[in-house]
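model-v5.txt, holding compact mmCIF, C-alpha atoms and all ligand atoms:
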```txt
# COMPACT_ATOMS: atom_id res chain seq x y z
CA MET B 64 18.19 16.61 15.81
CA ALA B 65 16.07 13.46 15.81
CA ALA B 66 12.38 13.82 14.93
CA THR B 67 9.79 13.78 17.71
CA LEU B 68 6.03 13.26 17.76
CA LYS B 69 5.62 17.04 17.49
CA ASP B 70 7.26 16.93 14.07
CA TYR B 71 4.83 14.27 12.81
CA ARG B 72 1.56 15.48 14.34
CA GLY B 73 -0.78 17.39 12.10
CA ASP B 74 -4.24 18.71 12.94
CA VAL B 75 -6.97 16.13 13.51
CA SER B 76 -10.35 17.48 12.53
CA THR B 77 -13.08 14.87 12.25
CA TRP B 78 -12.34 11.75 14.33
CA CYS B 79 -14.74 11.05 17.21
CA PRO B 80 -13.26 11.21 20.73
CA GLY B 81 -12.19 7.70 21.77
CA CYS B 82 -11.85 6.33 18.22
CA GLY B 83 -9.23 3.59 18.00
CA HIS B 84 -7.62 5.29 15.03
CA PHE B 85 -5.89 7.85 17.29
CA SER B 86 -3.76 5.04 18.73
CA VAL B 87 -3.02 3.55 15.32
CA MET B 88 -1.82 6.87 13.93
CA ALA B 89 0.31 7.48 17.03
CA GLY B 90 1.70 3.95 16.63
CA ILE B 91 2.76 4.63 13.04
CA GLN B 92 4.36 7.94 14.02
CA LYS B 93 6.17 6.47 17.05
CA ALA B 94 7.41 3.51 15.02
CA ALA B 95 8.85 5.92 12.43
CA ILE B 96 10.59 7.87 15.19
CA ASN B 97 11.97 4.68 16.75
CA LEU B 98 13.39 3.76 13.34
CA GLY B 99 15.14 7.13 13.15
CA LEU B 100 13.05 8.38 10.22
CA GLU B 101 12.55 12.05 9.57
CA PRO B 102 9.06 13.02 8.32
CA HIS B 103 10.36 13.52 4.77
CA GLN B 104 11.60 9.90 4.72
CA LEU B 105 8.10 8.50 5.30
CA ALA B 106 5.23 8.30 2.80
CA ILE B 107 1.74 7.42 4.02
CA VAL B 108 -0.65 6.35 1.30
CA SER B 109 -4.26 5.97 2.38
CA GLY B 110 -7.60 4.84 1.06
CA ILE B 111 -11.07 6.19 1.81
CA GLY B 112 -12.75 5.99 5.19
CA CYS B 113 -12.13 7.44 8.63
CA SER B 114 -8.86 5.47 8.56
CA GLY B 115 -7.84 7.16 5.30
CA LYS B 116 -7.33 10.44 7.09
CA VAL B 117 -4.03 9.29 8.58
CA SER B 118 -2.22 10.62 5.51
CA GLU B 119 -3.73 14.06 6.11
CA TYR B 120 -3.21 14.12 9.86
CA THR B 121 0.47 13.13 9.71
CA ARG B 122 3.10 15.62 8.60
CA SER B 123 5.02 13.37 6.21
CA TYR B 124 4.71 12.75 2.48
CA GLY B 125 1.16 11.61 1.89
CA PHE B 126 -1.25 10.51 -0.82
CA HIS B 127 -4.98 10.18 -0.11
CA THR B 128 -6.11 7.84 -2.90
CA LEU B 129 -9.46 6.43 -4.01
CA HIS B 130 -11.55 3.84 -2.18
CA GLY B 131 -9.66 0.54 -2.11
CA ARG B 132 -6.76 1.83 -4.21
CA SER B 133 -4.10 2.65 -1.64
CA LEU B 134 -2.04 -0.48 -2.37
CA PRO B 135 -1.34 0.04 -6.10
CA VAL B 136 -0.30 3.63 -5.36
CA ALA B 137 1.80 2.66 -2.34
CA GLN B 138 3.65 -0.02 -4.31
CA ALA B 139 4.34 2.50 -7.08
CA VAL B 140 5.63 5.05 -4.57
CA LYS B 141 8.02 2.47 -3.12
CA LEU B 142 9.29 1.28 -6.49
CA ALA B 143 9.82 4.86 -7.68
CA SER B 144 11.37 6.05 -4.42
CA SER B 145 13.66 3.39 -3.03
CA GLY B 146 14.83 5.56 -0.12
CA MET B 147 11.31 6.17 1.18
CA LYS B 148 9.68 4.09 3.92
CA VAL B 149 6.15 3.48 2.67
CA VAL B 150 3.11 2.77 4.83
CA ALA B 151 -0.35 2.27 3.36
CA SER B 152 -3.30 2.72 5.68
CA GLY B 153 -6.98 1.99 5.33
CA GLY B 154 -9.96 0.29 6.85
CA ASP B 155 -11.65 -3.10 6.64
CA GLY B 156 -14.16 -1.93 4.03
CA ASP B 157 -11.43 -0.26 2.00
CA GLY B 158 -8.92 -3.11 2.15
CA TYR B 159 -10.99 -6.28 2.37
CA GLY B 160 -14.00 -5.14 0.31
CA ILE B 161 -13.40 -3.03 -2.76
CA GLY B 162 -9.61 -3.34 -2.40
CA ALA B 163 -9.48 -7.09 -1.71
CA GLY B 164 -8.15 -7.95 -5.17
CA HIS B 165 -5.29 -5.49 -4.72
CA PHE B 166 -4.61 -6.92 -1.28
CA THR B 167 -4.13 -10.51 -2.43
CA HIS B 168 -1.79 -9.49 -5.24
CA ALA B 169 0.21 -7.04 -3.11
CA ALA B 170 0.71 -9.83 -0.56
CA ARG B 171 2.14 -12.26 -3.10
CA ARG B 172 4.13 -9.56 -4.95
CA ASN B 173 6.06 -8.72 -1.77
CA VAL B 174 6.99 -5.09 -2.43
CA ASP B 175 8.91 -3.73 0.56
CA MET B 176 6.14 -1.77 2.31
CA THR B 177 3.75 -1.97 5.24
CA TYR B 178 -0.04 -2.10 5.15
CA VAL B 179 -1.83 -1.05 8.33
CA VAL B 180 -5.52 -1.93 8.29
CA MET B 181 -7.74 -0.33 10.93
CA ASP B 182 -10.31 -3.05 11.33
CA ASN B 183 -13.40 -1.87 13.22
CA ARG B 184 -15.75 -4.34 11.54
CA ILE B 185 -18.06 -1.59 10.26
CA TYR B 186 -18.19 1.28 7.77
CA GLY B 187 -17.65 4.26 10.09
CA LEU B 188 -17.34 7.24 7.75
CA THR B 189 -20.68 6.50 6.08
CA LYS B 190 -22.35 6.09 9.49
CA GLY B 191 -22.49 2.45 10.39
CA GLN B 192 -23.12 -0.12 7.66
CA THR B 193 -22.16 -3.81 7.74
CA SER B 194 -18.59 -4.23 6.42
CA PRO B 195 -16.66 -7.22 5.02
CA THR B 196 -15.31 -8.11 8.49
CA SER B 197 -18.63 -7.68 10.36
CA SER B 198 -19.47 -11.04 11.91
CA GLN B 199 -22.24 -13.14 10.44
CA GLY B 200 -25.43 -12.11 12.25
CA PHE B 201 -24.16 -8.55 12.88
CA LYS B 202 -27.03 -6.06 12.92
CA SER B 203 -26.66 -2.65 11.32
CA LYS B 204 -28.64 -0.23 9.17
CA THR B 205 -27.87 -2.37 6.11
CA SER B 206 -28.54 -5.70 7.80
CA PRO B 207 -31.28 -5.01 10.37
CA GLU B 208 -32.08 -8.71 10.70
CA GLY B 209 -28.39 -9.65 11.01
CA SER B 210 -25.84 -10.15 8.24
CA GLY B 211 -26.30 -13.39 6.32
CA GLU B 212 -22.78 -13.35 4.91
CA ARG B 213 -19.78 -15.04 6.48
CA GLU B 214 -17.19 -12.40 7.36
CA VAL B 215 -13.82 -12.03 5.63
CA LYS B 216 -11.07 -13.43 7.86
CA PRO B 217 -8.07 -11.11 7.32
CA LEU B 218 -5.43 -13.43 8.78
CA GLU B 219 -6.59 -16.45 6.76
CA LEU B 220 -6.74 -14.27 3.66
CA ALA B 221 -3.21 -12.94 4.22
CA LEU B 222 -1.77 -16.40 4.88
CA GLY B 223 -3.42 -17.79 1.77
CA ALA B 224 -2.34 -14.86 -0.39
CA GLY B 225 1.32 -15.28 0.56
CA ALA B 226 2.09 -12.24 2.73
CA SER B 227 5.61 -12.57 4.14
CA PHE B 228 4.84 -10.75 7.42
CA ILE B 229 1.48 -10.85 9.16
CA ALA B 230 0.73 -9.31 12.54
CA GLN B 231 -2.39 -8.37 14.43
CA ALA B 232 -2.62 -5.59 16.99
CA PHE B 233 -5.17 -3.77 19.14
CA SER B 234 -5.71 -0.03 19.60
CA GLY B 235 -6.19 -0.60 23.33
CA ASP B 236 -2.54 -1.67 23.63
CA ILE B 237 -0.56 1.16 22.11
CA LYS B 238 2.83 -0.16 23.24
CA GLY B 239 2.25 -3.56 21.65
CA LEU B 240 0.72 -1.91 18.57
CA THR B 241 3.74 0.39 18.10
CA ASP B 242 6.15 -2.50 18.49
CA LEU B 243 4.32 -4.60 15.87
CA ILE B 244 4.13 -1.71 13.39
CA GLN B 245 7.84 -1.08 13.91
CA GLN B 246 8.70 -4.72 13.28
CA ALA B 247 6.50 -4.66 10.19
CA MET B 248 8.28 -1.56 8.87
CA GLU B 249 11.63 -3.26 9.43
CA HIS B 250 10.57 -6.37 7.52
CA PRO B 251 12.10 -6.39 4.02
CA GLY B 252 8.93 -7.22 2.08
CA PHE B 253 5.15 -6.79 2.23
CA SER B 254 3.97 -6.62 5.82
CA LEU B 255 0.40 -6.51 7.08
CA VAL B 256 -0.63 -5.25 10.48
CA ASN B 257 -4.35 -5.78 10.98
CA VAL B 258 -5.35 -3.60 13.92
CA PHE B 259 -8.57 -4.01 15.83
CA SER B 260 -9.45 -0.34 16.13
CA PRO B 261 -12.91 0.15 17.68
CA CYS B 262 -15.44 2.52 16.16
CA VAL B 263 -16.92 3.87 19.38
CA THR B 264 -19.76 5.66 17.61
CA PHE B 265 -21.31 2.99 15.39
CA ASN B 266 -20.10 -0.45 16.51
CA LYS B 267 -21.46 -1.25 19.96
CA VAL B 268 -20.52 -4.94 19.69
CA ASN B 269 -16.79 -4.98 18.87
CA THR B 270 -15.77 -2.57 21.61
CA TYR B 271 -12.49 -2.11 23.53
CA ASP B 272 -13.86 -4.47 26.21
CA PHE B 273 -14.82 -7.05 23.58
CA PHE B 274 -11.26 -7.21 22.23
CA LYS B 275 -9.70 -7.09 25.71
CA GLU B 276 -11.74 -10.13 26.68
CA ASN B 277 -11.26 -12.11 23.48
CA LEU B 278 -7.71 -11.60 22.20
CA ILE B 279 -5.00 -14.16 22.87
CA ASP B 280 -1.41 -12.87 22.90
CA LEU B 281 0.60 -15.22 20.70
CA SER B 282 3.86 -14.25 22.39
CA GLN B 283 2.49 -15.99 25.51
CA VAL B 284 1.69 -19.23 23.66
CA GLU B 285 4.45 -21.67 24.58
CA GLY B 286 6.47 -22.99 21.66
CA TYR B 287 4.77 -20.79 19.05
CA ASP B 288 7.06 -20.36 16.05
CA PRO B 289 5.88 -17.59 13.70
CA SER B 290 8.03 -18.93 10.88
CA ASP B 291 5.94 -22.12 10.83
CA LYS B 292 2.96 -21.55 8.52
CA ALA B 293 1.16 -24.69 9.65
CA GLN B 294 1.29 -23.48 13.26
CA ALA B 295 0.06 -20.07 12.13
CA TYR B 296 -2.95 -21.60 10.35
CA THR B 297 -3.70 -23.81 13.37
CA GLN B 298 -3.71 -20.88 15.82
CA VAL B 299 -5.70 -18.63 13.50
CA ILE B 300 -8.38 -21.25 12.87
CA GLU B 301 -8.54 -22.54 16.47
CA HIS B 302 -9.08 -19.03 17.84
CA ASP B 303 -11.09 -17.72 14.89
CA GLY B 304 -8.51 -14.99 14.29
CA ASN B 305 -8.79 -13.53 17.81
CA LEU B 306 -5.03 -13.23 18.20
CA GLN B 307 -2.51 -10.52 18.94
CA GLY B 308 1.16 -10.53 17.97
CA ILE B 309 3.24 -11.74 15.03
CA ILE B 310 1.21 -14.41 13.28
CA TYR B 311 3.66 -15.28 10.52
CA LYS B 312 7.04 -14.15 9.29
CA GLN B 313 8.96 -15.46 6.29
CA GLU B 314 12.33 -14.50 4.79
CA ARG B 315 11.70 -14.05 1.06
CA PRO B 316 13.30 -11.76 -1.55
CA ALA B 317 11.34 -8.55 -1.97
CA TYR B 318 9.92 -7.67 -5.39
CA HIS B 319 12.56 -5.05 -6.23
CA THR B 320 15.33 -7.66 -6.05
CA PHE B 321 13.93 -9.10 -9.30
CA LEU B 322 14.15 -5.73 -11.09
CA ASP B 323 17.22 -5.03 -13.19
CA GLY B 324 18.61 -1.59 -12.53
CA TYR B 325 16.72 -0.95 -9.30
CA PRO B 326 18.89 1.57 -7.44
CA GLU B 327 21.25 -0.01 -4.92
CA THR B 328 21.65 3.33 -3.21
CA PRO B 329 18.39 4.70 -1.88
CA ILE B 330 17.17 7.84 -3.59
CA ALA B 331 17.25 10.57 -0.95
CA PHE B 332 14.43 13.03 -0.53
CA ASN B 333 14.91 16.48 0.87
CA ASP B 334 12.93 17.92 3.70
CA VAL B 335 10.34 19.94 1.79
CA SER B 336 9.77 22.21 4.74
CA THR B 337 13.27 23.62 4.35
CA GLU B 338 14.44 22.58 0.90
CA LYS B 339 13.16 22.89 -2.64
CA SER B 340 10.28 20.52 -3.31
CA VAL B 341 10.88 17.17 -4.94
CA LEU B 342 8.86 18.27 -7.96
CA ASP B 343 11.09 21.36 -8.32
CA GLN B 344 14.12 19.10 -8.32
CA LEU B 345 12.66 16.75 -10.90
CA TRP B 346 11.42 19.42 -13.30
FE1 LIG B 401 -13.74 6.50 14.51
FE2 LIG B 401 -16.16 5.46 14.07
FE3 LIG B 401 -15.91 8.05 14.60
FE4 LIG B 401 -15.03 7.06 12.28
S1 LIG B 401 -17.17 7.12 12.99
S2 LIG B 401 -13.95 8.53 13.61
S3 LIG B 401 -14.28 5.03 12.90
S4 LIG B 401 -15.40 6.37 16.00
MG MG B 402 -14.25 -0.01 8.97
```

Write out the structure in this file as structure tokens.
Ligand code: SF4
Ligand code: MG
Amino acid sequence: MAATLKDYRGDVSTWCPGCGHFSVMAGIQKAAINLGLEPHQLAIVSGIGCSGKVSEYTRSYGFHTLHGRSLPVAQAVKLASSGMKVVASGGDGDGYGIGAGHFTHAARRNVDMTYVVMDNRIYGLTKGQTSPTSSQGFKSKTSPEGSGEREVKPLELALGAGASFIAQAFSGDIKGLTDLIQQAMEHPGFSLVNVFSPCVTFNKVNTYDFFKENLIDLSQVEGYDPSDKAQAYTQVIEHDGNLQGIIYKQERPAYHTFLDGYPETPIAFNDVSTEKSVLDQLW
């Protein structure tokens, strides 16, 4: 019988009511179901932050890594387990701060996996500090007079680093978000979905209403061709990254195609809820 949301849903313990991350996690789970994946065919590798809890709250294979280190682990999981669909998840501080070096290299390496970043433009878990994507001038406990640093622009960074699939979604549009995550998971290479996922407790500027008012849906822009990188740069810069939809998509051989001996037939994993564990089988 095909998996349902009930099979994927674990217990959520610490997210605040209304947090955007609920929608992102549901989007990942629904996308997996739409792709016909059973929970034991999905691995979620997460970093540290409120966003990092997705690997605990989803009943699939999971690995809760260190701050900023989800991408090296996720790439290793994919290369060691060709039959597994791998999704890394994390936040803006995790992915574009301490993990930014990993991000740029994962993008150009093009391992077949998806990176979902829950971008709330603040550090939520540690109670509201300015993050790498907080806008210049943003006031918080760590920048009471307003941040003097220009913010990291995730879409510009991803385009420059060479990601072969770049999309941007919004927690307030769960249907669109699910569809973009699904397309990212189907893309045969490194795919980024940057999701504006409001922190309702600590960020009173970048709220659901803020994103509803400011985002432009690229699918409604006449003549937009996501395979045209120049067009992608133009839209991203003209609208200062306030876009929704597929920003850029490129057909390019994934990293494993350059590896001699990489298994042609995906390695299958058993359902550990009913079968012997993978470790038992290996040892
Ligand atoms: Fe979500 Fe912010 Fe609460 Fe963390 S602190 S769970 S990001 S609303
Ligand atoms: Mg954050």

Tell me which residues come within 8 Å of (2.4, 1.8, 19.8), as a VMD selection string, counting all atoms listed in the file in the file's coordinates.
chain B and resid 86 to 87 89 to 91 93 to 94 236 to 244

Please compute the atom CA of B:Phe274-atom CA of B:Val258 distance, one decimal, in Å.
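Value for the atom CA of B:Phe274-atom CA of B:Val258 distance: 10.8 Å.
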
Report as JSON lines the residues of chain B within 7 Å of ligand LIG 401 (chain B), each with its shortest atom pair and distance in Å (one decimal), using all atoms listed in the file, ordered by chain and increasing residue number.
```
{"residue": "B:Thr77", "atom": "CA", "partner": "B:LIG401", "partner_atom": "S2", "distance": 6.5}
{"residue": "B:Trp78", "atom": "CA", "partner": "B:LIG401", "partner_atom": "S2", "distance": 3.7}
{"residue": "B:Cys79", "atom": "CA", "partner": "B:LIG401", "partner_atom": "FE3", "distance": 4.1}
{"residue": "B:Gly81", "atom": "CA", "partner": "B:LIG401", "partner_atom": "S4", "distance": 6.7}
{"residue": "B:Cys82", "atom": "CA", "partner": "B:LIG401", "partner_atom": "FE1", "distance": 4.2}
{"residue": "B:Gly83", "atom": "CA", "partner": "B:LIG401", "partner_atom": "FE1", "distance": 6.4}
{"residue": "B:His84", "atom": "CA", "partner": "B:LIG401", "partner_atom": "FE1", "distance": 6.3}
{"residue": "B:Cys113", "atom": "CA", "partner": "B:LIG401", "partner_atom": "FE4", "distance": 4.7}
{"residue": "B:Ser114", "atom": "CA", "partner": "B:LIG401", "partner_atom": "S3", "distance": 7.0}
{"residue": "B:Asn183", "atom": "CA", "partner": "B:LIG401", "partner_atom": "S3", "distance": 7.0}
{"residue": "B:Gly187", "atom": "CA", "partner": "B:LIG401", "partner_atom": "S1", "distance": 4.1}
{"residue": "B:Leu188", "atom": "CA", "partner": "B:LIG401", "partner_atom": "FE4", "distance": 5.1}
{"residue": "B:Lys190", "atom": "CA", "partner": "B:LIG401", "partner_atom": "S1", "distance": 6.3}
{"residue": "B:Pro261", "atom": "CA", "partner": "B:LIG401", "partner_atom": "S4", "distance": 6.9}
{"residue": "B:Cys262", "atom": "CA", "partner": "B:LIG401", "partner_atom": "FE2", "distance": 3.7}
{"residue": "B:Val263", "atom": "CA", "partner": "B:LIG401", "partner_atom": "S4", "distance": 4.5}
{"residue": "B:Thr264", "atom": "CA", "partner": "B:LIG401", "partner_atom": "S4", "distance": 4.7}
{"residue": "B:Phe265", "atom": "CA", "partner": "B:LIG401", "partner_atom": "FE2", "distance": 5.9}
```

Now that the selection is made, can you save its residues with C-alpha atoms as a PDB file, in the frame of the given file?
```pdb
ATOM      1  CA  THR B  77     -13.080  14.870  12.250  1.00  0.00           C
ATOM      2  CA  TRP B  78     -12.340  11.750  14.330  1.00  0.00           C
ATOM      3  CA  CYS B  79     -14.740  11.050  17.210  1.00  0.00           C
ATOM      4  CA  GLY B  81     -12.190   7.700  21.770  1.00  0.00           C
ATOM      5  CA  CYS B  82     -11.850   6.330  18.220  1.00  0.00           C
ATOM      6  CA  GLY B  83      -9.230   3.590  18.000  1.00  0.00           C
ATOM      7  CA  HIS B  84      -7.620   5.290  15.030  1.00  0.00           C
ATOM      8  CA  CYS B 113     -12.130   7.440   8.630  1.00  0.00           C
ATOM      9  CA  SER B 114      -8.860   5.470   8.560  1.00  0.00           C
ATOM     10  CA  ASN B 183     -13.400  -1.870  13.220  1.00  0.00           C
ATOM     11  CA  GLY B 187     -17.650   4.260  10.090  1.00  0.00           C
ATOM     12  CA  LEU B 188     -17.340   7.240   7.750  1.00  0.00           C
ATOM     13  CA  LYS B 190     -22.350   6.090   9.490  1.00  0.00           C
ATOM     14  CA  PRO B 261     -12.910   0.150  17.680  1.00  0.00           C
ATOM     15  CA  CYS B 262     -15.440   2.520  16.160  1.00  0.00           C
ATOM     16  CA  VAL B 263     -16.920   3.870  19.380  1.00  0.00           C
ATOM     17  CA  THR B 264     -19.760   5.660  17.610  1.00  0.00           C
ATOM     18  CA  PHE B 265     -21.310   2.990  15.390  1.00  0.00           C
TER      19      PHE B 265
END
```

7 Å from ligand MG 402 (chain B) is the threshold here; counting all atoms listed in the file, which polymer residues fall inside it? Answer as a ChimeraX atom specification.
/B:154-156,181-187,194

What is the distance, in Å and to one decimal place, between atom CA of B:Gln246 and atom CA of B:Asn97?
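Between these atoms lies a distance of 10.5 Å.
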
Near-B:Ser282 list (10 Å; all atoms listed in the file; drop same-chain fewer than 6 positions) as a PyMOL selection string:
chain B and resi 288-289+306-310

Keeping C-alpha atoms, export the residues of the selection given above as a PDB file, in the coordinates of the input.
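Now in result00.pdb:
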```
ATOM      1  CA  ASP B 288       7.060 -20.360  16.050  1.00  0.00           C
ATOM      2  CA  PRO B 289       5.880 -17.590  13.700  1.00  0.00           C
ATOM      3  CA  LEU B 306      -5.030 -13.230  18.200  1.00  0.00           C
ATOM      4  CA  GLN B 307      -2.510 -10.520  18.940  1.00  0.00           C
ATOM      5  CA  GLY B 308       1.160 -10.530  17.970  1.00  0.00           C
ATOM      6  CA  ILE B 309       3.240 -11.740  15.030  1.00  0.00           C
ATOM      7  CA  ILE B 310       1.210 -14.410  13.280  1.00  0.00           C
TER       8      ILE B 310
END
```

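Between atom CA of B:Pro316 and atom CA of B:Gly115 the separation is 29.2 Å.
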
Which is closer to B:Ala137 than all the others in B:Val179, B:Leu220, B:Ile161, B:Leu98, using all atoms listed in the file?
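Smallest separation from B:Ala137 among the options: B:Val179.
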
May I have the protein, DNA and RNA residues with an atom at most 8 Å from (12.4, -11.6, 0.3), counting all atoms listed in the file in the file's coordinates, returned as a ChimeraX atom specification?
/B:173,227,251-252,313-318

Do a neighbour search on B:Val117 at 8 Å with all atoms listed in the file, toss out local chain neighbours closer than 2 positions, and write the hits as a ChimeraX atom specification.
/B:88,107,109,114-115,119-121,152

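Remark: for B:Ser198, the closest of the candidate residues B:Met147, B:Ala295, B:Val215, B:Val180 is B:Val215 (distances computed over only C-alpha atoms).
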
Which residues, written as a ChimeraX atom specification, have at least one atom at most 8 Å from stretch 201-214 of chain B, with all atoms listed in the file counted and residues fewer than 5 positions away on the same chain left out?
/B:191-193,195-196

Residue nearest B:Ser133 among B:Ile229, B:Val108, B:Val268, B:Val149 (counting only C-alpha atoms):
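For B:Ser133, the nearest of the candidates is B:Val108.
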
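Distances to B:Gly160 were evaluated for B:Ser197, B:Ser260, B:Thr320, B:Thr177 using only C-alpha atoms, and the minimum falls at B:Ser197.
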
Measuring between all atoms listed in the file, which one of B:His302, B:Lys216, B:Lys148, B:Arg72 shows the shortest distance to B:Ala247?
B:Lys148

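You can rank B:Met248, B:Leu281, B:Leu142, B:Val75 by their closest distance to B:Gly99 using all atoms listed in the file, and at the top of that list sits B:Met248.
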
Axis-aligned box over every listed atom of stretch 228-240 of chain B, padded by 8 Å per side: centre and edges in Å to one decimal, as AutoDock Vina command-line options?
```
--center_x -0.7 --center_y -4.8 --center_z 15.5 --size_x 27.0 --size_y 28.0 --size_z 32.2
```
